[in-house]
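Okay, so here's the structure we're looking at.
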Amino acid sequence: MSKTLKEKTAHGIFWNFLDKFGQQALNILVTIVLMRFFLTPDDYGLVSVIFIVNALGFAFIDSGFSNALIRKKEVTQTDLSSVFYFNIVISLLFYLLIFCTAPLIAHIYHKPVLTGLVRVMALSLPLCSMALVQTTLLTKSIDFKRLASTNLIAIFCSGALSLFLAWKGYGVWVLVIQPFSITLVRNICLWSISSWRPSLIYSRQSIQNLWKYSSKLLISSTVSIICKNIYSSLIAFFYPFKEAGFYFNANKYSEIPHQTIIPAIHTTVYPAMTNLGDNPESLKNAFRKMIRVASFIFFPVMLGLIATADPLMLTVFGVKWIPIVPYFKVLCVGYLFMGINSLYTVILFLKGKSSAVLFFNLLYSIALLLSIVLTVRISVWSMAISWTMVGVIYTIVYTSYVRKMIQYTVIEQLKDILPYFILATTMGIGIYLFSALIHNNFILVSVQIITGAIFYISACYLLGSKVFREAIEMIKNKTVNVK
């Protein structure tokens, strides 16, 4: 791996983390104000019903082409232009479908307001399709600095608009205008900074060649989205809307590390790993390094969230949102396993095993749907527990399959993961015990966070953590080696 690629990957990691964490930080700040002062659990329950529509729309618009373009060694202008026009056509067709079926959704839930909410929220789909190629090209070139700048500007502008509209009394409409405004600002920025423009050319052959790989990813992502978002939709159907709001936000905040840390590592390292060629040893070493880095960061964050859940939720969101805490804790356990599980998909992508990705996603989805059928009539709590149990079992099966592809033994896996899990668990138990000594929630959560961070970092340093040394070396040299 050349020095230039090392530097690009190192800078990519920095800017990708800044992007993911910056977006989450801005989103959380805006959401805290909205949840505490303007919106109710019923508002979030209402919108949680239609999030599945937008999520499916984004999956169909992309159709797995982004991953296929990143994976392809040489991408032509014909490929890019063809994907661009294909995305736009699909997005318009999907929006037309949503526009026509919105009244049916409103009728099912006996909420006429859902018709307008669905139609407004889905407006972001055609907009999104117009900048997917620019985003893919920046990702492929590991240019996360410009992506981060674009995303942060979009989140900031959308957040300011959302707070203004909430202050003006727009209520639940704020939650559907927000994604539209983010996409609009992001598109303007991407078209301004990207030099790529589509040509007046479309190749069916180009789409077909990419489709051979991307189609399986589309089916896989579609099934995953349905299984992920169906919970809130079913809860809203069988239980009061506020229960759907509680579950929706518990899931939203418990998955933040999974949606932030894991993608930041994945999207940065994946393009660099595609340059390692077919050298099995280099690929295995790079993957092990990625697993160690993820474990080093991910485990203390997830276990820290579980330990601080009660005072954290009370301090940040207030008493009216305290019912989300039990859901939040159990879902954090599930995401703890699913986060590491997501990283193993990198190997399947690099090996071109999109069929295997599809197979395992279908297997996981069948298990989830079965658990939903068995628990939906019992309680929301039982649904959350069953989701976590399925996630744990699935992770064990999935990682066992992928490990064999690169001769990554169980002993090696435990060496890479277990030390950080033990340290993070010890930290979590230790800071949880402070709750018996400190009764002011703000002081308690502050002490827990500071003490937990000091303990974990100090323990990693004193025990000679390999990742810790690599991180210090990377900061000193401003390079990273994925080999």
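If you're wondering about the labels, chains in the structure tokens are A, B, ... by order shown, residues count from 1 in each chain, ligands from 1 in order shown.
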_Nearby residues (only C-alpha atoms) at most 12 Å from Thr31 (chain A), same-chain spacing under 2 positions excluded, as a ChimeraX atom specification_ = /A:23-29,33-40,44,155,158-160,162-163,166,174-175,178,249,252-253,316-317
Neighbour list for region 95-98 of chain A as a PDB file with N, CA, C and O atoms, in the first residue's frame, cut-off 9 Å, only C-alpha atoms, skip fewer than 3 positions in-chain:
ATOM      1  N   VAL A  53     -41.522   3.779   5.019  1.00  0.00           N
ATOM      2  CA  VAL A  53     -41.777   4.145   3.619  1.00  0.00           C
ATOM      3  C   VAL A  53     -40.559   4.837   3.027  1.00  0.00           C
ATOM      4  O   VAL A  53     -40.094   4.500   1.931  1.00  0.00           O
ATOM      5  N   GLY A  57     -37.773   3.573   0.235  1.00  0.00           N
ATOM      6  CA  GLY A  57     -37.549   4.412  -0.934  1.00  0.00           C
ATOM      7  C   GLY A  57     -36.072   4.629  -1.206  1.00  0.00           C
ATOM      8  O   GLY A  57     -35.607   4.490  -2.349  1.00  0.00           O
ATOM      9  N   ILE A  90     -36.327   5.741 -11.049  1.00  0.00           N
ATOM     10  CA  ILE A  90     -36.844   4.897  -9.964  1.00  0.00           C
ATOM     11  C   ILE A  90     -37.425   5.758  -8.839  1.00  0.00           C
ATOM     12  O   ILE A  90     -38.483   5.435  -8.283  1.00  0.00           O
ATOM     13  N   SER A  91     -36.751   6.835  -8.504  1.00  0.00           N
ATOM     14  CA  SER A  91     -37.221   7.700  -7.409  1.00  0.00           C
ATOM     15  C   SER A  91     -38.567   8.339  -7.743  1.00  0.00           C
ATOM     16  O   SER A  91     -39.442   8.452  -6.882  1.00  0.00           O
ATOM     17  N   LEU A  92     -38.738   8.768  -8.977  1.00  0.00           N
ATOM     18  CA  LEU A  92     -40.011   9.377  -9.386  1.00  0.00           C
ATOM     19  C   LEU A  92     -41.146   8.354  -9.376  1.00  0.00           C
ATOM     20  O   LEU A  92     -42.265   8.655  -8.939  1.00  0.00           O
ATOM     21  N   THR A 101     -50.667   5.798  -2.489  1.00  0.00           N
ATOM     22  CA  THR A 101     -51.025   4.885  -1.389  1.00  0.00           C
ATOM     23  C   THR A 101     -51.090   5.572  -0.029  1.00  0.00           C
ATOM     24  O   THR A 101     -51.495   4.937   0.954  1.00  0.00           O
ATOM     25  N   ALA A 102     -50.725   6.838   0.050  1.00  0.00           N
ATOM     26  CA  ALA A 102     -50.751   7.558   1.330  1.00  0.00           C
ATOM     27  C   ALA A 102     -52.120   7.522   2.008  1.00  0.00           C
ATOM     28  O   ALA A 102     -52.205   7.303   3.228  1.00  0.00           O
ATOM     29  N   VAL A 118     -47.038  11.572   4.956  1.00  0.00           N
ATOM     30  CA  VAL A 118     -46.341  10.616   4.087  1.00  0.00           C
ATOM     31  C   VAL A 118     -45.885  11.298   2.802  1.00  0.00           C
ATOM     32  O   VAL A 118     -44.740  11.136   2.357  1.00  0.00           O
ATOM     33  N   ARG A 119     -46.755  12.075   2.203  1.00  0.00           N
ATOM     34  CA  ARG A 119     -46.436  12.711   0.926  1.00  0.00           C
ATOM     35  C   ARG A 119     -45.323  13.744   1.051  1.00  0.00           C
ATOM     36  O   ARG A 119     -44.465  13.854   0.172  1.00  0.00           O
ATOM     37  N   ALA A 122     -41.867  11.940   1.787  1.00  0.00           N
ATOM     38  CA  ALA A 122     -41.340  11.221   0.627  1.00  0.00           C
ATOM     39  C   ALA A 122     -40.767  12.147  -0.447  1.00  0.00           C
ATOM     40  O   ALA A 122     -40.104  11.675  -1.377  1.00  0.00           O
ATOM     41  N   LEU A 123     -40.986  13.443  -0.337  1.00  0.00           N
ATOM     42  CA  LEU A 123     -40.419  14.379  -1.309  1.00  0.00           C
ATOM     43  C   LEU A 123     -38.895  14.343  -1.326  1.00  0.00           C
ATOM     44  O   LEU A 123     -38.262  14.717  -2.316  1.00  0.00           O
ATOM     45  N   LEU A 125     -37.105  11.782  -1.474  1.00  0.00           N
ATOM     46  CA  LEU A 125     -36.610  10.660  -2.286  1.00  0.00           C
ATOM     47  C   LEU A 125     -36.125  11.093  -3.672  1.00  0.00           C
ATOM     48  O   LEU A 125     -35.002  10.757  -4.062  1.00  0.00           O
ATOM     49  N   PRO A 126     -36.936  11.828  -4.454  1.00  0.00           N
ATOM     50  CA  PRO A 126     -36.421  12.293  -5.752  1.00  0.00           C
ATOM     51  C   PRO A 126     -35.199  13.188  -5.609  1.00  0.00           C
ATOM     52  O   PRO A 126     -34.274  13.120  -6.428  1.00  0.00           O
TER      53      PRO A 126
END
Give me the residues of region 153-247 of chain A that have any atom at most 9 Å from an atom of region 359-374 of chain A; for each, the nearest atom pair and the distance in Å, rounded to one decimal. Use only C-alpha atoms, sort by chain and number, and format it as CSV.
residue,atom,partner,partner_atom,distance
A:Ile219,CA,A:Leu362,CA,8.9
A:Ser220,CA,A:Asn361,CA,5.8
A:Ser221,CA,A:Asn361,CA,8.0
A:Val223,CA,A:Ser365,CA,6.7
A:Ser224,CA,A:Ser365,CA,6.6
A:Ile226,CA,A:Ser365,CA,8.6
A:Cys227,CA,A:Ser365,CA,6.1
A:Lys228,CA,A:Ser365,CA,8.9
A:Tyr231,CA,A:Ile372,CA,8.0
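Among the candidates A:Met313, A:Leu343, A:Ala59, A:Met130, the one nearest to Leu190 (chain A) when counting only C-alpha atoms is A:Met130.
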Compile the contact shell of Cys332 (chain A) as a compact mmCIF listing (two decimals) with N, CA, C and O atoms, in the first residue's frame: residues with an atom at most 6 Å away, counting only C-alpha atoms, same-chain residues fewer than 3 positions apart removed.
# COMPACT_ATOMS: atom_id res chain seq x y z
N SER A 254 -30.44 4.04 20.94
CA SER A 254 -29.59 2.89 21.23
C SER A 254 -28.75 2.49 20.02
O SER A 254 -27.69 1.89 20.16
N LYS A 329 -32.15 0.01 27.15
CA LYS A 329 -31.12 -0.87 27.70
C LYS A 329 -31.04 -2.20 26.96
O LYS A 329 -29.96 -2.66 26.58
N TYR A 335 -27.61 -4.23 19.88
CA TYR A 335 -26.73 -3.49 18.98
C TYR A 335 -25.26 -3.72 19.30
O TYR A 335 -24.40 -3.55 18.44
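Between CA of Glu255 (chain A) and CA of Lys404 (chain A) there is a distance of 28.2 Å.
For the residues A:Thr345, A:Gln448, A:Ser458, A:Asn229, ranking by smallest atom-to-atom distance to Ser435 (chain A) using only C-alpha atoms places A:Gln448 first.
Here CA of Ser232 (chain A) is placed at a distance of 17.8 Å from CA of Thr115 (chain A).
Remark: for Phe21 (chain A), the closest of the candidate residues A:Met121, A:Ile262, A:Ile438, A:Val330 is A:Ile262 (distances computed over only C-alpha atoms).
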